[in-house]
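Shown next: query_26.cif, containing mmCIF, C-alpha atoms.
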```
data_query
#
loop_
_atom_site.group_PDB
_atom_site.id
_atom_site.type_symbol
_atom_site.label_atom_id
_atom_site.label_comp_id
_atom_site.auth_asym_id
_atom_site.auth_seq_id
_atom_site.Cartn_x
_atom_site.Cartn_y
_atom_site.Cartn_z
ATOM 1 C CA MET A 1 -25.809 -3.662 23.008
ATOM 2 C CA ASN A 2 -29.261 -5.015 22.410
ATOM 3 C CA TYR A 3 -28.830 -8.530 23.773
ATOM 4 C CA GLU A 4 -29.534 -9.567 27.336
ATOM 5 C CA LYS A 5 -26.400 -10.125 29.443
ATOM 6 C CA TYR A 6 -25.436 -12.133 32.483
ATOM 7 C CA ASP A 7 -24.543 -10.469 35.764
ATOM 8 C CA THR A 8 -20.800 -10.673 36.331
ATOM 9 C CA GLN A 9 -18.292 -10.824 39.162
ATOM 10 C CA VAL A 10 -14.969 -9.052 38.817
ATOM 11 C CA SER A 11 -11.478 -9.072 40.347
ATOM 12 C CA ASP A 12 -10.149 -5.962 42.083
ATOM 13 C CA ASN A 13 -8.122 -4.920 39.045
ATOM 14 C CA PHE A 14 -11.048 -5.380 36.622
ATOM 15 C CA LEU A 15 -9.083 -7.862 34.510
ATOM 16 C CA GLN A 16 -10.816 -11.083 35.432
ATOM 17 C CA PHE A 17 -14.567 -11.662 35.245
ATOM 18 C CA LYS A 18 -16.807 -14.578 36.083
ATOM 19 C CA PHE A 19 -20.405 -15.327 35.220
ATOM 20 C CA PHE A 20 -22.709 -18.320 34.860
ATOM 21 C CA SER A 21 -24.240 -19.514 31.626
ATOM 22 C CA GLU A 22 -27.722 -20.908 32.184
ATOM 23 C CA GLY A 23 -29.443 -23.198 29.725
ATOM 24 C CA PRO A 24 -30.432 -26.762 28.868
ATOM 25 C CA LYS A 25 -26.966 -28.048 29.853
ATOM 26 C CA GLY A 26 -27.217 -26.495 33.293
ATOM 27 C CA ARG A 27 -25.426 -23.663 35.112
ATOM 28 C CA ILE A 28 -21.892 -23.391 33.763
ATOM 29 C CA ALA A 29 -19.196 -21.095 35.168
ATOM 30 C CA LYS A 30 -17.463 -18.907 32.581
ATOM 31 C CA ARG A 31 -14.398 -16.762 32.965
ATOM 32 C CA VAL A 32 -13.101 -13.842 30.955
ATOM 33 C CA LEU A 33 -9.471 -12.964 31.478
ATOM 34 C CA TYR A 34 -7.470 -9.990 30.196
ATOM 35 C CA GLN A 35 -3.701 -10.509 30.198
ATOM 36 C CA SER A 36 -1.073 -8.059 29.096
ATOM 37 C CA PHE A 37 1.323 -9.338 26.433
ATOM 38 C CA GLU A 38 4.947 -9.666 27.470
ATOM 39 C CA ASN A 39 6.281 -7.544 24.600
ATOM 40 C CA ASN A 40 3.226 -5.331 24.203
ATOM 41 C CA THR A 41 2.223 -4.315 27.677
ATOM 42 C CA HIS A 42 -0.303 -1.779 26.413
ATOM 43 C CA VAL A 43 -2.296 -4.573 24.738
ATOM 44 C CA TYR A 44 -4.491 -6.976 26.685
ATOM 45 C CA ASN A 45 -5.321 -10.390 25.299
ATOM 46 C CA LEU A 46 -8.912 -11.470 25.836
ATOM 47 C CA SER A 47 -9.272 -15.090 26.898
ATOM 48 C CA PHE A 48 -12.625 -16.630 27.501
ATOM 49 C CA GLY A 49 -13.966 -20.055 28.323
ATOM 50 C CA ASP A 50 -15.430 -22.433 30.860
ATOM 51 C CA ILE A 51 -13.791 -22.861 34.250
ATOM 52 C CA ASN A 52 -12.495 -26.425 34.510
ATOM 53 C CA HIS A 53 -11.956 -28.590 37.611
ATOM 54 C CA LYS A 54 -8.464 -27.083 38.108
ATOM 55 C CA ASN A 55 -9.948 -23.580 38.237
ATOM 56 C CA GLU A 56 -8.408 -22.818 34.832
ATOM 57 C CA ILE A 57 -10.012 -21.403 31.714
ATOM 58 C CA ASP A 58 -10.753 -24.015 29.083
ATOM 59 C CA ASP A 59 -11.138 -22.018 25.894
ATOM 60 C CA LEU A 60 -11.527 -25.064 23.665
ATOM 61 C CA VAL A 61 -14.647 -26.495 25.247
ATOM 62 C CA VAL A 62 -17.968 -26.381 23.377
ATOM 63 C CA THR A 63 -20.744 -25.847 25.898
ATOM 64 C CA ASP A 64 -23.716 -25.557 23.547
ATOM 65 C CA ASN A 65 -25.981 -24.131 26.230
ATOM 66 C CA GLY A 66 -28.183 -22.261 23.756
ATOM 67 C CA ASP A 67 -27.188 -18.802 24.946
ATOM 68 C CA SER A 68 -24.322 -17.796 22.655
ATOM 69 C CA ASP A 69 -25.723 -14.318 21.941
ATOM 70 C CA LYS A 70 -26.140 -13.616 25.649
ATOM 71 C CA ILE A 71 -22.607 -14.896 26.338
ATOM 72 C CA LEU A 72 -21.067 -12.796 23.562
ATOM 73 C CA ALA A 73 -22.940 -9.751 24.830
ATOM 74 C CA THR A 74 -21.645 -10.410 28.350
ATOM 75 C CA VAL A 75 -18.063 -10.806 27.135
ATOM 76 C CA ALA A 76 -18.401 -7.597 25.110
ATOM 77 C CA GLN A 77 -19.648 -5.854 28.242
ATOM 78 C CA THR A 78 -16.527 -6.973 30.126
ATOM 79 C CA ALA A 79 -14.357 -5.575 27.307
ATOM 80 C CA ALA A 80 -16.191 -2.268 27.598
ATOM 81 C CA GLU A 81 -15.540 -2.223 31.337
ATOM 82 C CA VAL A 82 -11.836 -2.945 30.863
ATOM 83 C CA LEU A 83 -11.512 -0.115 28.357
ATOM 84 C CA GLU A 84 -13.429 2.247 30.625
ATOM 85 C CA THR A 85 -11.026 1.320 33.429
ATOM 86 C CA TYR A 86 -7.866 1.361 31.285
ATOM 87 C CA PRO A 87 -8.646 3.885 28.535
ATOM 88 C CA ASP A 88 -5.129 3.929 27.068
ATOM 89 C CA LYS A 89 -5.006 0.157 26.504
ATOM 90 C CA TRP A 90 -5.925 -1.995 23.514
ATOM 91 C CA ILE A 91 -7.795 -5.278 23.623
ATOM 92 C CA PHE A 92 -6.591 -8.019 21.287
ATOM 93 C CA ILE A 93 -9.128 -10.679 20.357
ATOM 94 C CA THR A 94 -8.623 -13.864 18.434
ATOM 95 C CA GLY A 95 -10.374 -17.192 18.673
ATOM 96 C CA SER A 96 -8.766 -20.375 19.933
ATOM 97 C CA THR A 97 -9.800 -21.838 16.568
ATOM 98 C CA PRO A 98 -10.602 -20.223 13.178
ATOM 99 C CA ALA A 99 -14.274 -21.046 13.785
ATOM 100 C CA ARG A 100 -14.202 -19.083 17.056
ATOM 101 C CA THR A 101 -12.468 -16.161 15.367
ATOM 102 C CA ARG A 102 -15.387 -16.136 12.883
ATOM 103 C CA LEU A 103 -17.848 -16.363 15.773
ATOM 104 C CA TYR A 104 -16.269 -13.280 17.347
ATOM 105 C CA ARG A 105 -16.554 -11.483 13.990
ATOM 106 C CA MET A 106 -20.278 -12.270 13.917
ATOM 107 C CA GLY A 107 -20.649 -11.067 17.491
ATOM 108 C CA ILE A 108 -18.876 -7.794 16.712
ATOM 109 C CA ALA A 109 -20.817 -7.372 13.457
ATOM 110 C CA LYS A 110 -24.182 -7.854 15.172
ATOM 111 C CA ASN A 111 -23.415 -5.040 17.578
ATOM 112 C CA LEU A 112 -21.163 -2.892 15.420
ATOM 113 C CA ASP A 113 -23.287 0.263 15.417
ATOM 114 C CA GLU A 114 -23.425 0.372 19.203
ATOM 115 C CA PHE A 115 -19.752 -0.586 19.630
ATOM 116 C CA GLN A 116 -18.627 2.146 17.282
ATOM 117 C CA THR A 117 -20.243 4.857 19.345
ATOM 118 C CA LYS A 118 -17.631 4.231 22.061
ATOM 119 C CA PHE A 119 -14.872 2.106 20.557
ATOM 120 C CA GLU A 120 -12.642 1.876 17.537
ATOM 121 C CA ILE A 121 -12.534 -1.634 16.121
ATOM 122 C CA PHE A 122 -9.893 -2.914 13.733
ATOM 123 C CA GLY A 123 -9.375 -6.206 11.975
ATOM 124 C CA ILE A 124 -5.926 -7.711 11.500
ATOM 125 C CA ILE A 125 -5.318 -9.530 8.256
ATOM 126 C CA ASN A 126 -1.802 -10.668 7.391
ATOM 127 C CA LYS A 127 0.340 -7.649 8.336
ATOM 128 C CA SER A 128 -2.393 -5.048 7.944
ATOM 129 C CA VAL A 129 -4.581 -3.414 10.534
ATOM 130 C CA VAL A 130 -7.762 -2.130 8.891
ATOM 131 C CA PRO A 131 -11.033 -0.684 10.183
ATOM 132 C CA PHE A 132 -13.423 -3.530 10.950
ATOM 133 C CA ASN A 133 -15.848 -4.351 8.182
ATOM 134 C CA LYS A 134 -18.783 -6.718 8.661
ATOM 135 C CA GLU A 135 -17.909 -8.553 5.456
ATOM 136 C CA GLY A 136 -14.191 -8.857 6.190
ATOM 137 C CA THR A 137 -12.237 -11.947 7.184
ATOM 138 C CA TYR A 138 -9.607 -11.385 9.847
ATOM 139 C CA ASP A 139 -6.981 -13.223 11.849
ATOM 140 C CA ALA A 140 -7.680 -11.144 14.948
ATOM 141 C CA TYR A 141 -9.302 -7.927 16.168
ATOM 142 C CA LEU A 142 -8.116 -4.883 18.055
ATOM 143 C CA VAL A 143 -10.354 -2.621 20.085
ATOM 144 C CA ARG A 144 -9.656 0.652 21.837
ATOM 145 C CA LYS A 145 -11.689 3.373 23.457
ATOM 146 C CA LYS A 146 -12.480 6.366 21.230
ATOM 147 C CA MET B 1 1.240 12.517 28.561
ATOM 148 C CA ARG B 2 0.585 9.043 29.912
ATOM 149 C CA LYS B 3 -2.578 8.788 31.983
ATOM 150 C CA ARG B 4 -1.969 7.985 35.606
ATOM 151 C CA TYR B 5 -3.472 4.697 36.748
ATOM 152 C CA LYS B 6 -6.353 5.164 39.105
ATOM 153 C CA LYS B 7 -7.670 2.139 40.943
ATOM 154 C CA PRO B 8 -11.196 1.516 39.678
ATOM 155 C CA THR B 9 -14.202 1.280 41.906
ATOM 156 C CA LEU B 10 -17.526 -0.319 41.178
ATOM 157 C CA GLY B 11 -19.099 3.093 40.898
ATOM 158 C CA SER B 12 -16.561 4.346 38.376
ATOM 159 C CA VAL B 13 -17.690 2.101 35.568
ATOM 160 C CA LYS B 14 -21.064 2.577 33.942
ATOM 161 C CA ARG B 15 -22.949 -0.639 33.399
ATOM 162 C CA ARG B 16 -26.394 -1.911 32.781
ATOM 163 C CA THR B 17 -25.982 -5.265 34.474
ATOM 164 C CA LYS B 18 -25.205 -6.166 38.045
ATOM 165 C CA ILE B 19 -21.541 -6.550 38.871
ATOM 166 C CA GLU B 20 -19.815 -7.324 42.132
ATOM 167 C CA PHE B 21 -16.252 -7.811 43.327
ATOM 168 C CA ALA B 22 -15.245 -11.418 43.876
ATOM 169 C CA PRO B 23 -12.110 -11.886 45.989
ATOM 170 C CA ASP B 24 -11.555 -15.405 44.603
ATOM 171 C CA LEU B 25 -10.946 -13.857 41.195
ATOM 172 C CA ASN B 26 -7.878 -12.080 42.566
ATOM 173 C CA ASP B 27 -6.114 -15.422 42.750
ATOM 174 C CA THR B 28 -4.065 -15.430 39.576
ATOM 175 C CA SER B 29 -2.219 -18.702 40.194
ATOM 176 C CA ALA B 30 -4.096 -20.425 37.379
ATOM 177 C CA TRP B 31 -3.460 -17.635 34.875
ATOM 178 C CA GLY B 32 -1.724 -18.812 31.776
ATOM 179 C CA ASN B 33 -1.895 -22.507 32.672
ATOM 180 C CA ALA B 34 -5.144 -23.238 30.937
ATOM 181 C CA PRO B 35 -5.303 -25.470 27.881
ATOM 182 C CA GLY B 36 -4.451 -23.498 24.776
ATOM 183 C CA LEU B 37 -3.894 -20.236 26.603
ATOM 184 C CA LYS B 38 -0.109 -20.167 26.338
ATOM 185 C CA GLN B 39 -0.304 -20.980 22.639
ATOM 186 C CA LYS B 40 -2.889 -18.263 22.187
ATOM 187 C CA MET B 41 -0.707 -15.681 23.912
ATOM 188 C CA ALA B 42 2.220 -16.782 21.723
ATOM 189 C CA LYS B 43 0.016 -16.492 18.632
ATOM 190 C CA GLY B 44 -0.993 -12.989 19.713
ATOM 191 C CA GLU B 45 2.626 -11.949 20.289
ATOM 192 C CA LYS B 46 3.510 -13.239 16.806
ATOM 193 C CA ILE B 47 0.681 -11.299 15.174
ATOM 194 C CA LEU B 48 1.442 -8.120 17.130
ATOM 195 C CA LYS B 49 5.108 -8.312 16.141
ATOM 196 C CA LYS B 50 4.106 -8.047 12.474
ATOM 197 C CA ILE B 51 1.844 -5.039 12.771
ATOM 198 C CA THR B 52 1.914 -1.424 13.810
ATOM 199 C CA LEU B 53 -0.891 -0.277 16.058
ATOM 200 C CA PRO B 54 -2.912 2.577 14.529
ATOM 201 C CA LYS B 55 -2.195 6.066 15.877
#
```
Take the structure in this file and express it as structure tokens.
Amino acid sequence: MNYEKYDTQVSDNFLQFKFFSEGPKGRIAKRVLYQSFENNTHVYNLSFGDINHKNEIDDLVVTDNGDSDKILATVAQTAAEVLETYPDKWIFITGSTPARTRLYRMGIAKNLDEFQTKFEIFGIINKSVVPFNKEGTYDAYLVRKK
Amino acid sequence: MRKRYKKPTLGSVKRRTKIEFAPDLNDTSAWGNAPGLKQKMAKGEKILKKITLPK
């Protein structure tokens, strides 16, 4: 990936990451969490957001700290680390809002060439799973290691 | 054959940025309680139920 990334901290199982966004709004703690689905244990859901006062992820907050490319690159790096650690798993990605799902599409599209050297990326639309296309509109994304 | 889980180490994952273990991140008590997270997991389950993962 060509964008600069933040240094991250990680849990022992490599499923929870923390880093700090730095910008005009200050230093803001971010968390990326990978949770296995109850009925699809080989698929991890990616959750991402600010850490609130209860030490929970708030994935609806809009931080607007002027570093969205760097944040997306950092989150993508965590996904790469999860798939390196758990090569037989899938990562499921969808936004907490349609706008965020589109934002993730833009983030994937910007870095597609590099992603595709290591990972297979699919878009989910209705009941179909199709190879990711930069121009496509999707409900969610699936990523696995090649 | 299913790959056997091997506990990762910091040296086992290639990276270009600094990464360090943080024991506080092992506390999973807040997992799933965050605003919107339960709904998002439910949404994911619903989507995954409709599809077949590629071979």
Report as a ChimeraX atom specification the set of chain A residues whose atoms approach chain B to within 9 Å, with distances computed over all atoms listed in the file. /A:5-14,16-18,33,35,37-40,45,47,52,54-60,77,81,84-88,92-96,122,124,126-130,139-140,142
Output the residue selection produced by the PyMOL selection byres ((chain A and resi 71-73) around 8) on the file above, formatted as an MDAnalysis selection string. chainID A and resid 1 3:6 21 67:70 74:77 104 107
Straight-line distance linking atom CA of Val143 of chain A with atom CA of Phe119 of chain A, stated in Å to one decimal: 6.6 Å
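Counting from atom CA of Arg31 of chain A, the distance to atom CA of Val62 of chain A is 14.0 Å.
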Report the distance between atom CA of Ile28 of chain A and atom CA of Arg100 of chain A in Å, rounded to one decimal place. 18.9 Å
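Using only C-alpha atoms, the nearest neighbour of Arg144 of chain A within the list A:Ile91, A:Thr97, A:Phe132, A:Gln116 is A:Ile91.
Distance annotation: of A:Ala29, A:Leu112, A:Thr137, A:Glu120, the residue with the minimal separation from His53 of chain A is A:Ala29; atom set is all atoms listed in the file.
Residues in contact with Pro24 of chain A at 9 Å, where only C-alpha atoms are counted and same-chain residues fewer than 5 positions away are skipped, are listed as Asp64, Asn65 and Gly66 of chain A.
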